[in-house]
>>> print(open('final-v3.cif').read())   # mmCIF, C-alpha atoms
data_final
loop_
_atom_site.label_atom_id
_atom_site.label_comp_id
_atom_site.auth_asym_id
_atom_site.auth_seq_id
_atom_site.Cartn_x
_atom_site.Cartn_y
_atom_site.Cartn_z
CA MET A 1347 6.36 -8.16 -21.75
CA LYS A 1348 3.88 -6.57 -19.36
CA ILE A 1349 3.95 -7.73 -15.74
CA LEU A 1350 1.38 -6.74 -13.12
CA VAL A 1351 2.73 -6.67 -9.59
CA PHE A 1352 0.32 -6.98 -6.65
CA SER A 1353 0.89 -7.28 -2.92
CA ASP A 1354 -0.94 -7.28 0.38
CA SER A 1355 -4.52 -7.94 -0.69
CA HIS A 1356 -5.63 -9.03 2.81
CA GLY A 1357 -9.00 -10.40 1.67
CA HIS A 1358 -9.61 -7.96 -1.21
CA HIS A 1359 -9.38 -9.93 -4.44
CA SER A 1360 -11.97 -8.08 -6.54
CA ASP A 1361 -9.58 -5.25 -7.48
CA MET A 1362 -6.98 -7.77 -8.65
CA LEU A 1363 -9.62 -9.38 -10.87
CA ARG A 1364 -10.65 -6.04 -12.42
CA VAL A 1365 -7.08 -4.86 -12.95
CA THR A 1366 -5.96 -8.15 -14.48
CA GLU A 1367 -8.84 -7.98 -16.92
CA SER A 1368 -8.28 -4.33 -17.86
CA GLU A 1369 -4.45 -4.42 -18.09
CA SER A 1370 -4.19 -7.72 -20.08
CA PRO A 1371 -0.75 -8.66 -18.69
CA ASP A 1372 1.57 -11.39 -19.85
CA MET A 1373 2.45 -12.23 -16.25
CA VAL A 1374 1.10 -11.43 -12.78
CA ILE A 1375 3.38 -11.46 -9.74
CA PHE A 1376 1.94 -11.51 -6.22
CA CYS A 1377 4.28 -10.44 -3.42
CA GLY A 1378 2.38 -12.07 -0.56
CA ASP A 1379 -0.19 -11.47 2.19
CA GLY A 1380 -3.28 -12.76 0.47
CA VAL A 1381 -2.24 -15.90 -1.37
CA ARG A 1382 -5.80 -17.26 -1.14
CA ASP A 1383 -7.08 -14.06 -2.78
CA PHE A 1384 -4.51 -14.47 -5.51
CA GLU A 1385 -5.63 -18.04 -6.19
CA LYS A 1386 -9.06 -16.65 -7.13
CA VAL A 1387 -7.42 -14.44 -9.76
CA THR A 1388 -5.39 -17.27 -11.26
CA ALA A 1389 -8.53 -19.36 -11.72
CA SER A 1390 -10.25 -16.54 -13.63
CA PHE A 1391 -7.52 -15.92 -16.23
CA PRO A 1392 -5.97 -19.28 -17.17
CA ASN A 1393 -3.92 -17.92 -20.09
CA VAL A 1394 -1.81 -15.58 -17.95
CA GLU A 1395 1.42 -16.69 -16.28
CA TYR A 1396 1.24 -16.36 -12.48
CA ARG A 1397 3.90 -16.35 -9.78
CA ALA A 1398 3.43 -15.81 -6.05
CA VAL A 1399 5.32 -15.80 -2.78
CA ARG A 1400 3.82 -16.04 0.66
CA GLY A 1401 3.89 -13.23 3.15
CA ASN A 1402 3.98 -13.06 6.92
CA CYS A 1403 0.16 -13.30 7.08
CA ASP A 1404 -0.11 -16.29 4.72
CA TYR A 1405 -0.32 -19.87 5.83
CA ALA A 1406 0.54 -21.56 2.58
CA PRO A 1407 3.54 -23.88 3.06
CA ALA A 1408 3.44 -24.96 -0.60
CA VAL A 1409 3.99 -21.34 -1.73
CA PRO A 1410 7.66 -20.28 -1.60
CA GLU A 1411 8.98 -17.38 0.47
CA SER A 1412 10.96 -16.08 -2.49
CA LEU A 1413 11.27 -16.68 -6.22
CA LEU A 1414 13.76 -16.00 -8.95
CA ILE A 1415 11.93 -15.67 -12.25
CA GLU A 1416 13.54 -15.61 -15.70
CA ALA A 1417 11.67 -13.43 -18.19
CA LEU A 1418 13.05 -12.26 -21.56
CA ASP A 1419 16.66 -12.62 -20.42
CA LYS A 1420 15.95 -10.69 -17.22
CA ARG A 1421 15.96 -12.05 -13.68
CA ILE A 1422 13.25 -11.00 -11.22
CA PHE A 1423 13.70 -11.62 -7.51
CA VAL A 1424 10.36 -11.71 -5.67
CA THR A 1425 9.88 -11.71 -1.91
CA HIS A 1426 7.28 -10.39 0.49
CA GLY A 1427 9.96 -8.43 2.30
CA HIS A 1428 9.38 -9.28 5.96
CA LEU A 1429 12.34 -11.68 6.03
CA TYR A 1430 14.53 -8.80 4.84
CA HIS A 1431 13.09 -6.24 7.30
CA VAL A 1432 11.95 -3.86 4.56
CA LYS A 1433 9.91 -1.81 7.01
CA PHE A 1434 13.24 -0.54 8.37
CA ASP A 1435 15.32 -0.30 5.19
CA TYR A 1436 15.63 -2.00 1.82
CA GLN A 1437 19.33 -2.90 1.91
CA ARG A 1438 18.95 -6.57 2.88
CA ALA A 1439 16.42 -7.14 0.09
CA ILE A 1440 18.64 -5.30 -2.39
CA TYR A 1441 21.65 -7.41 -1.40
CA ALA A 1442 19.58 -10.61 -1.73
CA ALA A 1443 18.51 -9.57 -5.24
CA GLU A 1444 22.07 -8.64 -6.19
CA GLU A 1445 23.38 -11.99 -4.90
CA ARG A 1446 20.96 -13.66 -7.33
CA LEU A 1447 22.10 -11.39 -10.17
CA ALA A 1448 18.55 -10.05 -10.47
CA ASN A 1449 17.62 -7.15 -12.69
CA LEU A 1450 14.35 -6.42 -10.88
CA LEU A 1451 13.40 -6.73 -7.21
CA CYS A 1452 9.68 -6.95 -6.36
CA PHE A 1453 8.45 -6.92 -2.76
CA GLY A 1454 5.57 -5.75 -0.59
CA HIS A 1455 4.94 -5.80 3.18
CA THR A 1456 5.14 -2.03 3.79
CA HIS A 1457 1.87 -1.20 1.96
CA GLU A 1458 3.71 1.87 0.65
CA PRO A 1459 4.59 2.15 -3.05
CA PHE A 1460 8.30 2.49 -3.75
CA ARG A 1461 10.37 2.38 -6.90
CA ASP A 1462 13.99 3.16 -7.56
CA THR A 1463 17.09 1.95 -9.32
CA VAL A 1464 20.15 1.06 -7.26
CA ARG A 1465 23.40 -0.04 -8.93
CA GLY A 1466 21.42 -1.07 -12.02
CA LEU A 1467 18.79 -3.02 -10.04
CA SER A 1468 15.21 -1.88 -10.65
CA ILE A 1469 13.15 -1.99 -7.45
CA LEU A 1470 9.35 -2.09 -7.27
CA ASN A 1471 7.07 -2.25 -4.26
CA PRO A 1472 3.56 -1.77 -5.65
CA GLY A 1473 1.97 -0.86 -2.31
CA SER A 1474 -1.17 -2.66 -1.19
CA ILE A 1475 -3.88 -3.67 -3.65
CA ALA A 1476 -6.23 -3.52 -0.64
CA GLU A 1477 -5.48 0.23 -0.73
CA ASN A 1478 -6.08 0.39 -4.53
CA ARG A 1479 -2.39 0.36 -5.49
CA TYR A 1480 -0.48 -1.88 -7.85
CA GLY A 1481 2.60 -1.79 -10.02
CA ILE A 1482 3.50 -2.51 -13.61
CA ALA A 1483 6.89 -3.66 -14.85
CA GLU A 1484 7.58 -3.83 -18.56
CA ILE A 1485 10.45 -5.58 -20.25
CA SER A 1486 11.08 -4.30 -23.76
CA ASP A 1487 14.18 -3.93 -25.92
CA GLY A 1488 16.33 -5.33 -23.11
CA ARG A 1489 15.19 -2.67 -20.62
CA ILE A 1490 12.97 -2.78 -17.55
CA THR A 1491 10.62 0.10 -16.77
CA THR A 1492 8.34 0.31 -13.74
CA ARG A 1493 5.41 2.45 -12.76
CA PHE A 1494 2.62 2.70 -10.22
CA ALA A 1495 -1.08 2.57 -10.90
CA ARG A 1496 -4.31 2.82 -8.93
CA THR A 1497 -7.59 1.01 -9.33
#
>>> encode(input="final-v3.cif", output="structure tokens")
Amino acid sequence: MKILVFSDSHGHHSDMLRVTESESPDMVIFCGDGVRDFEKVTASFPNVEYRAVRGNCDYAPAVPESLLIEALDKRIFVTHGHLYHVKFDYQRAIYAAEERLANLLCFGHTHEPFRDTVRGLSILNPGSIAENRYGIAEISDGRITTRFART
């Protein structure tokens, strides 16, 4: 399963459209700050599964602040990151993901790409799509792999 991970579009939806078309994902996750931009992408590719959380710059009360997604027996915790103060450190977000027994943590907010594995938890911050950055998570053979990409 191929999952595109976007965050922090801040009015730039055209790159998300191009990347979604070229990468042909099974799922697209948006980590907030540009929910209205993300809605334009979901309308263009109706056969892709979409999930989104709102960020600190989004006014979208119907969009949750965090999600726990089940995908191929893996659990993905998604948050924008501001509620967990990720600009200072990632520990609160990691603990929140661990409390939910997540296998993958996806967040944004910092605009800086970051990936790591901590105590078996894969972590992916794709950076800002407004700055031509996005992430890819793949679930295959019971394993999660992550990588960065640029538009």
>>> atom_distance(input="final-v3.cif", atom1="atom CA of Cys1452 of chain A", atom2="atom CA of Leu1363 of chain A")
20.0 Å
>>> closest_residue(input="final-v3.cif", among="A:Val1381, A:Thr1456, A:Leu1413, A:Arg1397", to="His1431 of chain A", atoms="all atoms listed in the file")
A:Thr1456
>>> closest_atom_pairs(input="final-v3.cif", of="segment 1406-1464 of chain A", to="segment 1475-1481 of chain A", cutoff="12 Å", atoms="only C-alpha atoms", output="JSON lines")
{"residue": "A:Cys1452", "atom": "CA", "partner": "A:Gly1481", "partner_atom": "CA", "distance": 9.5}
{"residue": "A:Phe1453", "atom": "CA", "partner": "A:Gly1481", "partner_atom": "CA", "distance": 10.6}
{"residue": "A:Gly1454", "atom": "CA", "partner": "A:Ile1475", "partner_atom": "CA", "distance": 10.1}
{"residue": "A:His1455", "atom": "CA", "partner": "A:Ile1475", "partner_atom": "CA", "distance": 11.4}
{"residue": "A:Thr1456", "atom": "CA", "partner": "A:Glu1477", "partner_atom": "CA", "distance": 11.8}
{"residue": "A:His1457", "atom": "CA", "partner": "A:Glu1477", "partner_atom": "CA", "distance": 8.0}
{"residue": "A:Glu1458", "atom": "CA", "partner": "A:Arg1479", "partner_atom": "CA", "distance": 8.8}
{"residue": "A:Pro1459", "atom": "CA", "partner": "A:Arg1479", "partner_atom": "CA", "distance": 7.6}
{"residue": "A:Phe1460", "atom": "CA", "partner": "A:Gly1481", "partner_atom": "CA", "distance": 9.5}
{"residue": "A:Arg1461", "atom": "CA", "partner": "A:Gly1481", "partner_atom": "CA", "distance": 9.4}
>>> write_last_selection(input="final-v3.cif", atoms="C-alpha atoms", output="PDB file, in the frame of the given file")
ATOM      1  CA  CYS A1452       9.680  -6.950  -6.360  1.00  0.00           C
ATOM      2  CA  PHE A1453       8.450  -6.920  -2.760  1.00  0.00           C
ATOM      3  CA  GLY A1454       5.570  -5.750  -0.590  1.00  0.00           C
ATOM      4  CA  HIS A1455       4.940  -5.800   3.180  1.00  0.00           C
ATOM      5  CA  THR A1456       5.140  -2.030   3.790  1.00  0.00           C
ATOM      6  CA  HIS A1457       1.870  -1.200   1.960  1.00  0.00           C
ATOM      7  CA  GLU A1458       3.710   1.870   0.650  1.00  0.00           C
ATOM      8  CA  PRO A1459       4.590   2.150  -3.050  1.00  0.00           C
ATOM      9  CA  PHE A1460       8.300   2.490  -3.750  1.00  0.00           C
ATOM     10  CA  ARG A1461      10.370   2.380  -6.900  1.00  0.00           C
TER      11      ARG A1461
END
>>> closest_residue(input="final-v3.cif", among="A:Ile1375, A:Ala1448, A:Ile1469, A:Ile1485", to="Leu1414 of chain A", atoms="all atoms listed in the file")
A:Ala1448
>>> atom_distance(input="final-v3.cif", atom1="atom CA of Ser1360 of chain A", atom2="atom CA of Glu1484 of chain A")
23.3 Å
>>> residues_around(input="final-v3.cif", residues="Ala1417 of chain A", least_positions_apart="3", cutoff="9 Å", atoms="all atoms listed in the file", output="mmCIF file with C-alpha atoms, in the coordinates of the input")
data_model
loop_
_atom_site.group_PDB
_atom_site.id
_atom_site.type_symbol
_atom_site.label_atom_id
_atom_site.label_comp_id
_atom_site.auth_asym_id
_atom_site.auth_seq_id
_atom_site.Cartn_x
_atom_site.Cartn_y
_atom_site.Cartn_z
ATOM 1 C CA MET A 1347 6.360 -8.160 -21.750
ATOM 2 C CA LYS A 1420 15.950 -10.690 -17.220
ATOM 3 C CA ARG A 1421 15.960 -12.050 -13.680
ATOM 4 C CA ILE A 1422 13.250 -11.000 -11.220
ATOM 5 C CA ILE A 1485 10.450 -5.580 -20.250
#
>>> closest_residue(input="final-v3.cif", among="A:Ser1474, A:Ile1482, A:Ala1408, A:Pro1392", to="His1356 of chain A", atoms="only C-alpha atoms")
A:Ser1474
>>> resolve_selection(input="final-v3.cif", expression="the PyMOL selection byres ((chain A and resi 1444) around 12)", output="VMD selection string")
chain A and resid 1414 1421 to 1423 1437 to 1443 1445 to 1451 1464 to 1469
>>> closest_residue(input="final-v3.cif", among="A:Thr1366, A:Ser1390, A:Ser1353, A:Asn1471", to="Gly1378 of chain A", atoms="only C-alpha atoms")
A:Ser1353
>>> closest_residue(input="final-v3.cif", among="A:Glu1385, A:Pro1407, A:Gly1401, A:Ser1368", to="Gly1427 of chain A", atoms="only C-alpha atoms")
A:Gly1401
>>> resolve_selection(input="final-v3.cif", expression="the PyMOL selection byres ((chain A and resi 1404) around 12)", output="count of residues only")
29
>>> closest_residue(input="final-v3.cif", among="A:Gly1488, A:Glu1367, A:Phe1376, A:Val1424", to="Phe1391 of chain A", atoms="all atoms listed in the file")
A:Glu1367
>>> atom_distance(input="final-v3.cif", atom1="atom CA of Asp1372 of chain A", atom2="atom CA of Val1432 of chain A")
27.6 Å
>>> axis_aligned_box(input="final-v3.cif", around="segment 1372-1388 of chain A", padding_each_side="6 Å", output="lines of an AutoDock Vina configuration file")
center_x = -2.4
center_y = -14.2
center_z = -8.8
size_x = 25.3
size_y = 19.6
size_z = 34.0
>>> build_atoms(input="final-v3.cif", residues="segment 1398-1431 of chain A", atoms="N, CA and C atoms", output="PDB file, in the frame of the given file")
ATOM      1  N   ALA A1398       3.764 -16.371  -7.362  1.00  0.00           N
ATOM      2  CA  ALA A1398       3.430 -15.810  -6.050  1.00  0.00           C
ATOM      3  C   ALA A1398       4.403 -16.290  -4.990  1.00  0.00           C
ATOM      4  N   VAL A1399       4.604 -15.431  -4.001  1.00  0.00           N
ATOM      5  CA  VAL A1399       5.320 -15.800  -2.780  1.00  0.00           C
ATOM      6  C   VAL A1399       4.375 -15.565  -1.605  1.00  0.00           C
ATOM      7  N   ARG A1400       4.658 -16.240  -0.525  1.00  0.00           N
ATOM      8  CA  ARG A1400       3.820 -16.040   0.660  1.00  0.00           C
ATOM      9  C   ARG A1400       4.400 -14.939   1.533  1.00  0.00           C
ATOM     10  N   GLY A1401       3.486 -14.291   2.248  1.00  0.00           N
ATOM     11  CA  GLY A1401       3.890 -13.230   3.150  1.00  0.00           C
ATOM     12  C   GLY A1401       3.776 -13.665   4.597  1.00  0.00           C
ATOM     13  N   ASN A1402       4.016 -12.744   5.500  1.00  0.00           N
ATOM     14  CA  ASN A1402       3.980 -13.060   6.920  1.00  0.00           C
ATOM     15  C   ASN A1402       2.574 -13.363   7.424  1.00  0.00           C
ATOM     16  N   CYS A1403       1.546 -13.003   6.678  1.00  0.00           N
ATOM     17  CA  CYS A1403       0.160 -13.300   7.080  1.00  0.00           C
ATOM     18  C   CYS A1403      -0.427 -14.492   6.323  1.00  0.00           C
ATOM     19  N   ASP A1404       0.366 -15.144   5.498  1.00  0.00           N
ATOM     20  CA  ASP A1404      -0.110 -16.290   4.720  1.00  0.00           C
ATOM     21  C   ASP A1404       0.289 -17.589   5.395  1.00  0.00           C
ATOM     22  N   TYR A1405      -0.674 -18.508   5.468  1.00  0.00           N
ATOM     23  CA  TYR A1405      -0.320 -19.870   5.830  1.00  0.00           C
ATOM     24  C   TYR A1405      -0.500 -20.695   4.574  1.00  0.00           C
ATOM     25  N   ALA A1406       0.564 -20.839   3.843  1.00  0.00           N
ATOM     26  CA  ALA A1406       0.540 -21.560   2.580  1.00  0.00           C
ATOM     27  C   ALA A1406       1.915 -22.198   2.383  1.00  0.00           C
ATOM     28  N   PRO A1407       2.199 -23.289   3.115  1.00  0.00           N
ATOM     29  CA  PRO A1407       3.540 -23.880   3.060  1.00  0.00           C
ATOM     30  C   PRO A1407       3.999 -24.282   1.663  1.00  0.00           C
ATOM     31  N   ALA A1408       3.065 -24.559   0.758  1.00  0.00           N
ATOM     32  CA  ALA A1408       3.440 -24.960  -0.600  1.00  0.00           C
ATOM     33  C   ALA A1408       3.895 -23.768  -1.451  1.00  0.00           C
ATOM     34  N   VAL A1409       3.601 -22.556  -1.000  1.00  0.00           N
ATOM     35  CA  VAL A1409       3.990 -21.340  -1.730  1.00  0.00           C
ATOM     36  C   VAL A1409       5.346 -20.888  -1.193  1.00  0.00           C
ATOM     37  N   PRO A1410       6.317 -20.635  -2.070  1.00  0.00           N
ATOM     38  CA  PRO A1410       7.660 -20.280  -1.600  1.00  0.00           C
ATOM     39  C   PRO A1410       7.719 -18.889  -0.954  1.00  0.00           C
ATOM     40  N   GLU A1411       8.761 -18.686  -0.158  1.00  0.00           N
ATOM     41  CA  GLU A1411       8.980 -17.380   0.470  1.00  0.00           C
ATOM     42  C   GLU A1411       9.687 -16.408  -0.464  1.00  0.00           C
ATOM     43  N   SER A1412      10.329 -16.937  -1.486  1.00  0.00           N
ATOM     44  CA  SER A1412      10.960 -16.080  -2.490  1.00  0.00           C
ATOM     45  C   SER A1412      11.039 -16.849  -3.803  1.00  0.00           C
ATOM     46  N   LEU A1413      11.183 -16.106  -4.877  1.00  0.00           N
ATOM     47  CA  LEU A1413      11.270 -16.680  -6.220  1.00  0.00           C
ATOM     48  C   LEU A1413      12.313 -15.920  -7.027  1.00  0.00           C
ATOM     49  N   LEU A1414      12.935 -16.633  -7.933  1.00  0.00           N
ATOM     50  CA  LEU A1414      13.760 -16.000  -8.950  1.00  0.00           C
ATOM     51  C   LEU A1414      13.158 -16.412 -10.286  1.00  0.00           C
ATOM     52  N   ILE A1415      12.648 -15.435 -10.998  1.00  0.00           N
ATOM     53  CA  ILE A1415      11.930 -15.670 -12.250  1.00  0.00           C
ATOM     54  C   ILE A1415      12.796 -15.203 -13.406  1.00  0.00           C
ATOM     55  N   GLU A1416      12.858 -15.998 -14.462  1.00  0.00           N
ATOM     56  CA  GLU A1416      13.540 -15.610 -15.700  1.00  0.00           C
ATOM     57  C   GLU A1416      12.473 -15.161 -16.691  1.00  0.00           C
ATOM     58  N   ALA A1417      12.624 -13.960 -17.222  1.00  0.00           N
ATOM     59  CA  ALA A1417      11.670 -13.430 -18.190  1.00  0.00           C
ATOM     60  C   ALA A1417      12.414 -12.574 -19.217  1.00  0.00           C
ATOM     61  N   LEU A1418      12.388 -12.995 -20.466  1.00  0.00           N
ATOM     62  CA  LEU A1418      13.050 -12.260 -21.560  1.00  0.00           C
ATOM     63  C   LEU A1418      14.482 -11.870 -21.200  1.00  0.00           C
ATOM     64  N   ASP A1419      15.256 -12.817 -20.774  1.00  0.00           N
ATOM     65  CA  ASP A1419      16.660 -12.620 -20.420  1.00  0.00           C
ATOM     66  C   ASP A1419      16.868 -11.702 -19.210  1.00  0.00           C
ATOM     67  N   LYS A1420      15.834 -11.465 -18.451  1.00  0.00           N
ATOM     68  CA  LYS A1420      15.950 -10.690 -17.220  1.00  0.00           C
ATOM     69  C   LYS A1420      15.611 -11.596 -16.046  1.00  0.00           C
ATOM     70  N   ARG A1421      16.184 -11.270 -14.900  1.00  0.00           N
ATOM     71  CA  ARG A1421      15.960 -12.050 -13.680  1.00  0.00           C
ATOM     72  C   ARG A1421      15.198 -11.174 -12.682  1.00  0.00           C
ATOM     73  N   ILE A1422      14.111 -11.730 -12.159  1.00  0.00           N
ATOM     74  CA  ILE A1422      13.250 -11.000 -11.220  1.00  0.00           C
ATOM     75  C   ILE A1422      13.265 -11.734  -9.893  1.00  0.00           C
ATOM     76  N   PHE A1423      13.720 -11.058  -8.844  1.00  0.00           N
ATOM     77  CA  PHE A1423      13.700 -11.620  -7.510  1.00  0.00           C
ATOM     78  C   PHE A1423      12.451 -11.112  -6.806  1.00  0.00           C
ATOM     79  N   VAL A1424      11.629 -12.049  -6.309  1.00  0.00           N
ATOM     80  CA  VAL A1424      10.360 -11.710  -5.670  1.00  0.00           C
ATOM     81  C   VAL A1424      10.375 -12.217  -4.231  1.00  0.00           C
ATOM     82  N   THR A1425      10.000 -11.362  -3.312  1.00  0.00           N
ATOM     83  CA  THR A1425       9.880 -11.710  -1.910  1.00  0.00           C
ATOM     84  C   THR A1425       8.798 -10.831  -1.295  1.00  0.00           C
ATOM     85  N   HIS A1426       8.242 -11.270  -0.169  1.00  0.00           N
ATOM     86  CA  HIS A1426       7.280 -10.390   0.490  1.00  0.00           C
ATOM     87  C   HIS A1426       8.012  -9.216   1.139  1.00  0.00           C
ATOM     88  N   GLY A1427       9.153  -9.501   1.726  1.00  0.00           N
ATOM     89  CA  GLY A1427       9.960  -8.430   2.300  1.00  0.00           C
ATOM     90  C   GLY A1427      10.161  -8.538   3.797  1.00  0.00           C
ATOM     91  N   HIS A1428       9.273  -9.219   4.495  1.00  0.00           N
ATOM     92  CA  HIS A1428       9.380  -9.280   5.960  1.00  0.00           C
ATOM     93  C   HIS A1428      10.663  -9.979   6.413  1.00  0.00           C
ATOM     94  N   LEU A1429      11.115 -10.974   5.662  1.00  0.00           N
ATOM     95  CA  LEU A1429      12.340 -11.680   6.030  1.00  0.00           C
ATOM     96  C   LEU A1429      13.581 -10.805   5.853  1.00  0.00           C
ATOM     97  N   TYR A1430      13.431  -9.728   5.095  1.00  0.00           N
ATOM     98  CA  TYR A1430      14.530  -8.800   4.840  1.00  0.00           C
ATOM     99  C   TYR A1430      14.336  -7.463   5.569  1.00  0.00           C
ATOM    100  N   HIS A1431      13.338  -7.415   6.443  1.00  0.00           N
ATOM    101  CA  HIS A1431      13.090  -6.240   7.300  1.00  0.00           C
ATOM    102  C   HIS A1431      12.908  -4.944   6.519  1.00  0.00           C
TER     103      HIS A1431
END
